[in-house]
$ cat run-v5.txt   # compact mmCIF, C-alpha atoms
# COMPACT_ATOMS: atom_id res chain seq x y z
CA MET A 1 0.00 0.00 0.00
CA THR A 2 2.70 2.46 0.95
CA GLY A 3 5.60 1.09 -1.09
CA ASP A 4 8.88 2.84 -0.35
CA LEU A 5 7.33 6.02 1.05
CA PRO A 6 9.00 7.01 4.34
CA PRO A 7 7.15 6.64 7.66
CA VAL A 8 5.42 9.78 8.89
CA THR A 9 4.28 11.16 12.23
CA LEU A 10 1.48 13.56 13.11
CA ARG A 11 4.06 16.32 13.50
CA ASP A 12 5.19 15.74 9.90
CA ILE A 13 1.71 16.49 8.58
CA THR A 14 0.50 19.36 10.76
CA SER A 15 -0.62 21.29 7.68
CA CYS A 16 -3.27 18.58 7.16
CA PHE A 17 -4.94 19.80 10.35
CA GLU A 18 -5.50 23.42 9.28
CA GLY A 19 -8.99 22.70 7.95
CA ILE A 20 -8.23 23.81 4.39
CA VAL A 21 -9.01 20.56 2.58
CA PRO A 22 -11.89 18.49 4.04
CA ALA A 23 -11.02 15.10 5.46
CA GLU A 24 -13.07 11.92 5.22
CA ILE A 25 -14.02 9.47 7.96
CA ALA A 26 -15.21 5.88 7.72
CA THR A 27 -16.81 4.09 10.65
CA ALA A 28 -18.76 0.86 10.98
CA SER A 29 -21.71 -0.27 13.04
CA ALA A 30 -21.51 -3.26 15.36
CA ASP A 31 -23.14 -5.39 12.69
CA GLY A 32 -20.56 -4.40 10.09
CA VAL A 33 -22.26 -1.72 8.00
CA PRO A 34 -19.79 1.02 6.99
CA ASN A 35 -20.54 4.74 6.92
CA VAL A 36 -18.42 7.40 5.25
CA THR A 37 -18.65 11.17 5.39
CA HIS A 38 -16.60 14.35 5.13
CA LEU A 39 -15.09 16.17 8.08
CA SER A 40 -14.48 19.89 7.91
CA ARG A 41 -11.42 19.59 10.11
CA VAL A 42 -9.30 17.15 12.10
CA HIS A 43 -7.44 18.67 15.06
CA MET A 44 -4.08 17.38 16.27
CA LEU A 45 -4.03 17.15 20.08
CA ASP A 46 -0.55 15.72 20.68
CA ASP A 47 1.89 13.27 19.10
CA ASP A 48 -0.54 10.37 19.45
CA HIS A 49 -4.02 11.86 19.46
CA VAL A 50 -6.41 13.78 17.24
CA VAL A 51 -9.73 15.40 18.12
CA LEU A 52 -12.89 15.43 16.04
CA SER A 53 -15.85 17.71 16.60
CA ASN A 54 -19.25 16.18 17.19
CA GLN A 55 -21.94 18.61 16.07
CA PHE A 56 -24.85 16.29 15.36
CA PHE A 57 -25.86 12.97 16.82
CA SER A 58 -24.97 11.46 13.49
CA LYS A 59 -24.53 7.95 12.19
CA THR A 60 -20.80 8.39 12.71
CA SER A 61 -21.40 9.05 16.43
CA ARG A 62 -23.77 6.13 16.77
CA ASN A 63 -21.30 3.81 15.05
CA LEU A 64 -18.47 4.91 17.33
CA ALA A 65 -20.62 4.16 20.37
CA GLU A 66 -20.84 0.58 19.10
CA ASN A 67 -17.42 0.18 17.46
CA PRO A 68 -14.57 2.47 18.59
CA TYR A 69 -12.49 2.24 15.42
CA ALA A 70 -12.43 4.81 12.62
CA CYS A 71 -10.38 5.48 9.52
CA VAL A 72 -9.66 9.08 8.53
CA VAL A 73 -7.98 10.35 5.35
CA VAL A 74 -6.46 13.84 5.49
CA VAL A 75 -4.92 15.90 2.70
CA ASP A 76 -1.92 18.21 2.89
CA PRO A 77 -3.17 21.50 1.37
CA LEU A 78 0.31 22.40 0.13
CA THR A 79 1.14 19.19 -1.71
CA TYR A 80 -2.23 17.39 -1.93
CA ASN A 81 -0.52 14.29 -0.58
CA SER A 82 -2.99 12.14 1.37
CA TYR A 83 -2.50 10.29 4.65
CA LYS A 84 -4.59 7.55 6.20
CA LEU A 85 -5.06 7.46 9.99
CA GLN A 86 -6.47 4.47 11.82
CA LEU A 87 -8.07 5.71 15.04
CA ARG A 88 -9.47 4.30 18.24
CA TYR A 89 -11.97 6.38 20.20
CA GLU A 90 -10.76 7.19 23.73
CA ARG A 91 -12.96 9.81 25.35
CA THR A 92 -15.41 12.67 24.95
CA GLU A 93 -14.87 16.16 26.34
CA ARG A 94 -17.75 18.62 26.87
CA ARG A 95 -15.78 21.33 28.65
CA GLY A 96 -12.20 22.47 29.04
CA PRO A 97 -9.56 23.95 26.74
CA THR A 98 -9.86 21.39 23.95
CA PHE A 99 -13.62 21.77 23.81
CA ASP A 100 -13.36 25.57 23.90
CA HIS A 101 -10.79 25.54 21.09
CA LEU A 102 -13.02 23.46 18.84
CA ARG A 103 -16.09 25.53 19.72
CA ARG A 104 -14.35 28.74 18.66
CA ASP A 105 -13.30 27.10 15.41
CA ILE A 106 -16.83 25.91 14.65
CA ASP A 107 -18.38 29.22 15.61
CA ALA A 108 -16.01 30.96 13.19
CA VAL A 109 -16.91 28.61 10.35
CA ALA A 110 -20.62 28.99 11.12
CA ALA A 111 -20.32 32.77 11.07
CA LEU A 112 -18.47 32.72 7.76
CA THR A 113 -21.10 30.49 6.16
CA GLY A 114 -24.15 32.07 7.78
CA MET A 115 -24.91 28.81 9.57
CA GLN A 116 -25.03 30.03 13.16
CA GLY A 117 -27.50 27.91 15.07
CA VAL A 118 -26.98 24.98 12.69
CA PHE A 119 -23.37 24.15 13.45
CA LYS A 120 -23.06 23.85 17.22
CA LEU A 121 -20.40 21.85 19.00
CA ARG A 122 -21.84 19.14 21.21
CA SER A 123 -18.60 17.43 22.17
CA ALA A 124 -14.93 17.06 21.34
CA ASP A 125 -14.08 13.41 20.74
CA VAL A 126 -10.49 12.34 21.36
CA TYR A 127 -8.96 9.45 19.41
CA ARG A 128 -5.64 7.62 19.67
CA VAL A 129 -3.86 7.28 16.34
CA ILE A 130 -2.97 3.60 16.04
CA ASP A 131 -1.57 3.80 12.51
CA LEU A 132 -0.58 6.53 10.06
CA GLN A 133 0.36 5.83 6.46
CA PRO A 134 0.81 7.93 3.33
CA VAL A 135 -1.60 7.11 0.50
CA ARG A 136 0.28 6.40 -2.69
CA ALA A 137 -0.93 8.37 -5.71
CA ALA A 138 0.33 8.53 -9.27
CA VAL A 139 2.55 11.43 -8.18
CA HIS A 140 3.61 11.89 -4.54
CA GLY A 141 4.83 15.43 -4.08
CA PRO A 142 7.71 16.63 -1.95
CA MET B 1 -34.57 2.55 -8.13
CA ILE B 2 -31.98 5.30 -7.73
CA GLU B 3 -33.78 8.60 -8.30
CA PRO B 4 -32.67 10.64 -11.36
CA GLU B 5 -31.45 13.54 -9.20
CA VAL B 6 -29.26 11.16 -7.20
CA ALA B 7 -27.99 9.44 -10.35
CA GLU B 8 -27.07 12.80 -11.82
CA LEU B 9 -24.94 13.65 -8.78
CA LEU B 10 -23.33 10.20 -8.64
CA GLU B 11 -22.25 10.37 -12.29
CA SER B 12 -21.04 13.97 -12.07
CA PRO B 13 -17.44 15.05 -11.37
CA CYS B 14 -18.07 15.14 -7.63
CA ALA B 15 -16.07 14.15 -4.56
CA LEU B 16 -16.53 10.39 -4.13
CA ILE B 17 -15.46 8.82 -0.83
CA VAL B 18 -15.81 5.15 -0.03
CA GLY B 19 -16.05 3.28 3.26
CA THR B 20 -15.62 -0.45 3.74
CA VAL B 21 -15.09 -2.72 6.73
CA ASP B 22 -13.14 -5.89 7.40
CA ALA B 23 -14.40 -9.00 9.13
CA SER B 24 -13.20 -7.76 12.54
CA GLY B 25 -15.12 -4.48 12.20
CA MET B 26 -12.17 -2.25 11.30
CA PRO B 27 -13.35 0.43 8.85
CA ASP B 28 -11.34 1.75 5.91
CA ALA B 29 -11.70 4.89 3.80
CA THR B 30 -10.62 5.62 0.26
CA ARG B 31 -11.81 7.64 -2.73
CA GLY B 32 -13.89 6.68 -5.71
CA TRP B 33 -12.75 7.64 -9.21
CA GLY B 34 -15.93 7.71 -11.25
CA LEU B 35 -19.02 5.59 -11.54
CA ARG B 36 -21.88 4.72 -13.81
CA VAL B 37 -25.43 4.02 -12.71
CA GLU B 38 -26.49 0.87 -14.52
CA PRO B 39 -29.68 0.86 -16.61
CA ASP B 40 -31.52 -1.23 -13.98
CA GLY B 41 -31.25 1.69 -11.55
CA VAL B 42 -30.17 -0.48 -8.62
CA HIS B 43 -26.53 -1.22 -9.47
CA VAL B 44 -23.58 1.10 -10.02
CA ARG B 45 -20.21 0.34 -11.59
CA LEU B 46 -17.65 2.01 -9.33
CA LEU B 47 -13.99 2.70 -10.05
CA LEU B 48 -11.55 2.41 -7.13
CA SER B 49 -7.83 3.01 -6.87
CA SER B 50 -5.86 -0.09 -7.79
CA ASN B 51 -3.64 0.81 -4.80
CA ALA B 52 -6.53 0.71 -2.31
CA ALA B 53 -5.36 -2.66 -1.01
CA VAL B 54 -7.35 -2.64 2.23
CA THR B 55 -10.56 -1.59 0.50
CA LEU B 56 -10.17 -4.27 -2.14
CA ALA B 57 -9.44 -6.92 0.50
CA ASN B 58 -12.53 -5.84 2.45
CA LEU B 59 -14.69 -6.18 -0.66
CA GLY B 60 -13.41 -9.74 -0.96
CA THR B 61 -14.52 -10.58 2.58
CA THR B 62 -17.45 -8.53 3.90
CA ALA B 63 -18.34 -6.83 0.56
CA ARG B 64 -20.13 -4.08 2.51
CA LEU B 65 -19.65 -0.62 1.00
CA ALA B 66 -20.75 2.94 1.65
CA LEU B 67 -20.16 5.72 -0.84
CA THR B 68 -20.76 9.42 -0.34
CA ALA B 69 -20.94 11.75 -3.34
CA THR B 70 -20.61 15.50 -2.75
CA ASP B 71 -21.01 18.39 -5.15
CA VAL B 72 -17.87 20.34 -4.30
CA ALA B 73 -19.55 23.68 -5.02
CA THR B 74 -22.89 23.29 -3.23
CA LEU B 75 -21.99 20.47 -0.77
CA TYR B 76 -25.20 18.68 -1.78
CA SER B 77 -24.39 15.11 -0.79
CA VAL B 78 -25.89 11.66 -0.85
CA GLN B 79 -24.64 8.39 0.62
CA ILE B 80 -25.42 5.02 -0.88
CA LYS B 81 -24.97 1.73 0.93
CA GLY B 82 -24.88 -1.74 -0.48
CA ARG B 83 -22.75 -4.74 -1.33
CA ALA B 84 -19.96 -4.90 -3.87
CA SER B 85 -19.12 -7.76 -6.19
CA ASN B 86 -17.28 -8.52 -9.41
CA VAL B 87 -14.06 -6.67 -8.59
CA GLU B 88 -12.21 -6.78 -11.89
CA ALA B 89 -9.76 -5.07 -14.19
CA PRO B 90 -11.12 -1.96 -15.89
CA THR B 91 -12.50 -2.07 -19.40
CA GLY B 92 -11.54 0.49 -21.99
CA GLU B 93 -14.77 2.34 -21.21
CA ASP B 94 -13.85 2.35 -17.49
CA ILE B 95 -10.45 3.83 -18.23
CA ASP B 96 -12.01 6.51 -20.42
CA ARG B 97 -14.45 7.33 -17.61
CA PHE B 98 -11.62 7.42 -15.05
CA GLU B 99 -9.51 9.80 -17.14
CA ARG B 100 -12.50 12.03 -17.91
CA PHE B 101 -13.56 12.04 -14.25
CA CYS B 102 -10.07 13.06 -13.11
CA VAL B 103 -9.87 15.98 -15.54
CA GLU B 104 -13.35 17.21 -14.69
CA VAL B 105 -13.18 16.83 -10.91
CA VAL B 106 -9.77 18.49 -10.73
CA HIS B 107 -11.11 21.48 -12.65
CA ARG B 108 -14.25 21.58 -10.49
CA ILE B 109 -12.16 21.64 -7.31
CA ALA B 110 -9.88 24.30 -8.80
CA GLU B 111 -12.88 26.48 -9.64
CA VAL B 112 -14.16 26.28 -6.08
CA THR B 113 -10.88 26.54 -4.18
CA GLY B 114 -8.73 28.61 -6.52
CA GLU B 115 -6.03 25.97 -6.16
CA ASN B 116 -3.63 25.09 -8.99
CA THR B 117 -4.81 22.08 -11.01
CA GLU B 118 -1.25 20.73 -11.14
CA ILE B 119 -1.35 20.32 -7.36
CA ILE B 120 -4.87 18.91 -7.14
CA VAL B 121 -4.12 16.26 -9.75
CA ARG B 122 -1.75 14.67 -7.25
CA LEU B 123 -4.84 13.06 -5.73
CA LYS B 124 -5.07 10.91 -8.86
CA PRO B 125 -4.25 7.23 -8.26
CA PRO B 126 -1.91 5.30 -10.54
CA GLY B 127 -4.75 3.16 -11.85
CA VAL B 128 -8.21 1.82 -11.11
CA VAL B 129 -10.16 -1.38 -10.75
CA ALA B 130 -13.91 -1.71 -11.26
CA CYS B 131 -16.59 -3.26 -9.08
CA THR B 132 -20.35 -3.57 -9.14
CA VAL B 133 -22.35 -2.29 -6.18
CA ARG B 134 -25.89 -3.39 -5.50
CA VAL B 135 -27.41 -0.28 -3.88
CA ASP B 136 -29.76 -1.05 -0.98
CA GLU B 137 -30.31 2.39 0.54
CA VAL B 138 -29.77 6.08 -0.26
CA PHE B 139 -29.27 8.72 2.44
CA ASP B 140 -29.19 12.51 2.49
CA GLN B 141 -25.61 13.42 3.44
CA THR B 142 -25.68 17.19 2.88
CA PRO B 143 -23.95 18.82 5.88
CA GLY B 144 -26.42 19.83 8.58
CA PRO B 145 -28.84 18.28 11.04
CA SER B 146 -30.67 16.31 8.33
CA ALA B 147 -27.52 14.46 7.29
CA GLY B 148 -28.08 10.74 7.58
CA ALA B 149 -31.78 10.78 6.83
CA CYS B 150 -32.80 7.84 4.67
CA LEU B 151 -34.14 9.07 1.34
CA ALA B 152 -35.44 5.72 0.20
CA PRO B 153 -34.68 2.02 0.11
CA VAL B 154 -33.67 0.99 -3.39
CA GLU B 155 -35.85 -1.76 -4.76
CA SER B 156 -35.64 -3.43 -8.11
CA PRO B 157 -38.07 -2.08 -10.72
$ encode --input "run-v5.txt" --output "C-alpha cells"
Amino acid sequence: MTGDLPPVTLRDITSCFEGIVPAEIATASADGVPNVTHLSRVHMLDDDHVVLSNQFFSKTSRNLAENPYACVVVVDPLTYNSYKLQLRYERTERRGPTFDHLRRDIDAVAALTGMQGVFKLRSADVYRVIDLQPVRAAVHGP
Amino acid sequence: MIEPEVAELLESPCALIVGTVDASGMPDATRGWGLRVEPDGVHVRLLLSSNAAVTLANLGTTARLALTATDVATLYSVQIKGRASNVEAPTGEDIDRFERFCVEVVHRIAEVTGENTEIIVRLKPPGVVACTVRVDEVFDQTPGPSAGACLAPVESP
C-alpha cells in the first residue's frame, strides 16, 4: 500500500490539520455496516491523538458508540498528498480547553457560512492514532 | 430505483469517498474515481484506486460498501450503501471514464478553491479497478442536522 514512502508522524503532517481541505471518515456499526462522510477539520491534540468535533448525533457518532475504530484520510493543502489514519476512540470532552478551542473554530466557520445555530459543538471526541500511512498516488509530491 | 437527481450527482465530477469494513469491524476509507449508474437503476459500476489494497481486501470478505458523493460547489451530498461484487480489471470504457472524471473533478475543485490544477491532480491514483455495487439504501448526506436521513430504500423495478 505504501511502497517505499518514508514513515510519517502527526508532526510531519500538521498542515493537514489546518482545515483547508476536508477530510473523510469511515466508521462501521456493530453489525458491520460502513458509513463514510466528510469532516471539515481534524485537530491534532498531541503526538498520538487527534480530536474530532461532534456537532450532530450522526450515524458516525452512533457507530463509534458501538465500534470504537475509525479510519480518517487527510490531505496536505500544500502538496495534496494524502494520509490515512487508523483511530481508536478514547474519550469525549464537553468542557475544558480542547472543547473551547473546537467551539471557537466551529463558531467561526458557522459565522463565515451564515450557519449560526446549525453548526453547534456538542462534544470534542479524542482518538488515539494507532496507525498513520501515506496514500500512494500517481505522483507523490515533496 | 436510484432517483434521477441522485444518479445525476453520482455520475457527475463530484467528490466520491468510499467506506468499507473488514471481518473484525475495522473500517477503511478511500476515494472513488468515477461511476456509472447501470440501466436497472439499482446497481452502479464504481472505479476504485488499484492501490486501495485494504478496500479491495474488504470487498473480498465482507463486501459491505458505503459511498458518499458530494457536489464540491454546493456540498449537496448523498450516501449510498450496499454490497460490492465482481471486482475486476477496468474495461476500456472504465479507463475513459476514469480519465475524464479526473480531468473534470480536478477542474471543479480548482474552480471552487482557486487551487492550482497541477497540485490537485496529485490526488489521482496510478490506476483503477472496477466493481459492481448493488445499492440497498440512499441517504441525504448534505452537511447539517438532516444528514443521515434515509431518502429511500432501493428496490428493483
$ residues_around --input "run-v5.txt" --residues "region 141-151 of chain B" --least-positions-apart "5" --cutoff "6 Å" --atoms "all atoms listed in the file" --output "PDB file with C-alpha atoms, keeping the file's coordinate frame"
ATOM      1  CA  TYR B  76     -25.200  18.680  -1.780  1.00  0.00           C
ATOM      2  CA  SER B  77     -24.390  15.110  -0.790  1.00  0.00           C
ATOM      3  CA  VAL B  78     -25.890  11.660  -0.850  1.00  0.00           C
ATOM      4  CA  GLN B  79     -24.640   8.390   0.620  1.00  0.00           C
TER       5      GLN B  79
END
$ interface_residues --input "run-v5.txt" --of "chain A" --to "chain B" --cutoff "10 Å" --atoms "all atoms listed in the file" --output "compact mmCIF listing (two decimals) with C-alpha atoms, in the coordinates of the input"
# COMPACT_ATOMS: atom_id res chain seq x y z
CA MET A 1 0.00 0.00 0.00
CA THR A 2 2.70 2.46 0.95
CA GLY A 3 5.60 1.09 -1.09
CA ILE A 20 -8.23 23.81 4.39
CA VAL A 21 -9.01 20.56 2.58
CA ALA A 23 -11.02 15.10 5.46
CA GLU A 24 -13.07 11.92 5.22
CA ILE A 25 -14.02 9.47 7.96
CA ALA A 26 -15.21 5.88 7.72
CA THR A 27 -16.81 4.09 10.65
CA ALA A 28 -18.76 0.86 10.98
CA SER A 29 -21.71 -0.27 13.04
CA ALA A 30 -21.51 -3.26 15.36
CA ASP A 31 -23.14 -5.39 12.69
CA GLY A 32 -20.56 -4.40 10.09
CA VAL A 33 -22.26 -1.72 8.00
CA PRO A 34 -19.79 1.02 6.99
CA ASN A 35 -20.54 4.74 6.92
CA VAL A 36 -18.42 7.40 5.25
CA THR A 37 -18.65 11.17 5.39
CA HIS A 38 -16.60 14.35 5.13
CA LEU A 39 -15.09 16.17 8.08
CA SER A 40 -14.48 19.89 7.91
CA GLN A 55 -21.94 18.61 16.07
CA PHE A 56 -24.85 16.29 15.36
CA PHE A 57 -25.86 12.97 16.82
CA SER A 58 -24.97 11.46 13.49
CA LYS A 59 -24.53 7.95 12.19
CA THR A 60 -20.80 8.39 12.71
CA ASN A 67 -17.42 0.18 17.46
CA PRO A 68 -14.57 2.47 18.59
CA TYR A 69 -12.49 2.24 15.42
CA ALA A 70 -12.43 4.81 12.62
CA CYS A 71 -10.38 5.48 9.52
CA VAL A 72 -9.66 9.08 8.53
CA VAL A 73 -7.98 10.35 5.35
CA VAL A 75 -4.92 15.90 2.70
CA PRO A 77 -3.17 21.50 1.37
CA LEU A 78 0.31 22.40 0.13
CA THR A 79 1.14 19.19 -1.71
CA TYR A 80 -2.23 17.39 -1.93
CA ASN A 81 -0.52 14.29 -0.58
CA SER A 82 -2.99 12.14 1.37
CA LYS A 84 -4.59 7.55 6.20
CA LEU A 85 -5.06 7.46 9.99
CA GLN A 86 -6.47 4.47 11.82
CA LEU A 87 -8.07 5.71 15.04
CA ARG A 88 -9.47 4.30 18.24
CA MET A 115 -24.91 28.81 9.57
CA VAL A 118 -26.98 24.98 12.69
CA PHE A 119 -23.37 24.15 13.45
CA VAL A 135 -1.60 7.11 0.50
CA ARG A 136 0.28 6.40 -2.69
CA ALA A 137 -0.93 8.37 -5.71
CA ALA A 138 0.33 8.53 -9.27
CA VAL A 139 2.55 11.43 -8.18
CA HIS A 140 3.61 11.89 -4.54
CA GLY A 141 4.83 15.43 -4.08
$ residues_around --input "run-v5.txt" --residues "Gly19 (chain A)" --least-positions-apart "3" --cutoff "8 Å" --atoms "all atoms listed in the file" --output "list in words"
Cys16, Pro22, Ser40, Arg41 and Val42 of chain A
$ atom_distance --input "run-v5.txt" --atom1 "CA of His107 (chain B)" --atom2 "CA of Ile2 (chain B)"
26.9 Å
$ residues_around --input "run-v5.txt" --residues "Asp47 (chain A)" --least-positions-apart "4" --cutoff "10 Å" --atoms "only C-alpha atoms" --output "number ranges by chain"
A: 9-11, 128-129
$ write_last_selection --input "run-v5.txt" --atoms "C-alpha atoms" --output "compact mmCIF listing (two decimals), in the frame of the given file"
# COMPACT_ATOMS: atom_id res chain seq x y z
CA THR A 9 4.28 11.16 12.23
CA LEU A 10 1.48 13.56 13.11
CA ARG A 11 4.06 16.32 13.50
CA ARG A 128 -5.64 7.62 19.67
CA VAL A 129 -3.86 7.28 16.34
